[in-house]
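Let me begin by presenting the structure, written as structure tokens, before commenting on it.
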Amino acid sequence: MKVIFYAFIFFISGSICSQTPQKIKFQKNSTLIYFFPKESKTDSFISTSNDLFYLVVPDSLKRSIAIYVENGKILRSGNDSIVRLSYLPGLKYESLYVIKETKDPGDKKLKKEFEFISLINGASSYAKNKMLVQIINKNEEKVVIENVYIYKN
């Protein structure tokens, strides 16, 4: 009986003096841009089998970035955050987000959404087997992300 009484007192004192769990809150960071391969484990080779990339840009930064690609072109896919990096030797492309206004048939207001476009920007002077991808913040005029990929068949 004494053992049960002491065990009961021990557990009650432990629960009374224990600390309450603290909550950890996470805040979404809207200043980060992500560009990385979807399936590849390495960051240096591109072929026709692993040409899909994640490109995640927050809406607050879409107006102020430009993506320059030497010896390649970024093409949009059906998914909003997945793009295709196509190898085009000797050409330089610029990709950016523009605002597209569409009118809903039942609504009189114009709907504004971002559209990803790629435009030719001249001839490339970079090595033929390498692709340079630069994401530039146009407001601050600085390179945010710069990656070099080696093309291999």
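Labels for the structure tokens follow display order: chains A, B, ..., residues from 1 in each chain, ligands from 1.
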- Could you give me, as a list of chain:residue names, the residues within 7 Å of segment 110-127 of chain A, counting only C-alpha atoms and dropping anything in the same chain fewer than 6 positions from it? A:Glu70, A:Asn71, A:Ile74, A:Arg76, A:Gly90, A:Leu91, A:Lys92, A:Tyr93, A:Glu94, A:Ser95, A:Leu96, A:Tyr97, A:Val98, A:Ile99, A:Lys100, A:Glu101, A:Thr102, A:Lys103
Selected residues written out with C-alpha atoms, as a tab-separated table (two decimals), in the first residue's frame:
chain	number	residue	atom	x	y	z
A	70	GLU	CA	23.14	30.95	-72.68
A	71	ASN	CA	23.02	27.94	-75.05
A	74	ILE	CA	13.52	27.83	-70.49
A	76	ARG	CA	7.05	26.48	-69.32
A	90	GLY	CA	24.78	29.28	-79.93
A	91	LEU	CA	21.71	31.19	-78.73
A	92	LYS	CA	21.04	33.38	-75.72
A	93	TYR	CA	17.50	33.67	-74.26
A	94	GLU	CA	15.86	35.92	-71.70
A	95	SER	CA	12.81	34.76	-69.75
A	96	LEU	CA	10.55	36.85	-67.59
A	97	TYR	CA	7.09	37.11	-66.12
A	98	VAL	CA	4.59	39.52	-67.70
A	99	ILE	CA	1.10	40.39	-66.52
A	100	LYS	CA	-1.64	38.99	-68.70
A	101	GLU	CA	-5.17	40.33	-68.41
A	102	THR	CA	-8.00	37.93	-69.18
A	103	LYS	CA	-11.72	38.53	-69.05
- Message: Give me, as an NGL selection string, the residues of segment 7-150 of chain A that a backbone DSSP run labels strand (DSSP E or B).
- Response: :A and (34-37 or 45-46 or 52-56 or 65-76 or 82-103 or 110-123 or 130-137 or 142-150)
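For Glu146 of chain A, the residues within 9 Å (counting only C-alpha atoms, excluding itself and residues fewer than 3 positions away along the chain) are A:Leu132, A:Val133, A:Gln134, A:Ile135, A:Ile136, A:Val143.
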- For Leu75 of chain A, please output as a PyMOL selection string all residues within 7 Å (counting only C-alpha atoms; exclusion window: fewer than 6 positions along the same chain). chain A and resi 83-85
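The closest residue to Val57 of chain A, picked from A:Phe8, A:Tyr87, A:Phe26, A:Phe35 and counting only C-alpha atoms, is A:Phe35.
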- One decimal, Å: what's the distance from atom CA of Val56 of chain A over to atom CA of Phe36 of chain A, could you say? 9.3 Å
- Item | Proximity to Ser81 of chain A - best of A:Tyr6, A:Lys108, A:Leu52, A:Ser60, only C-alpha atoms |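 The closest residue to Ser81 of chain A is A:Leu52.
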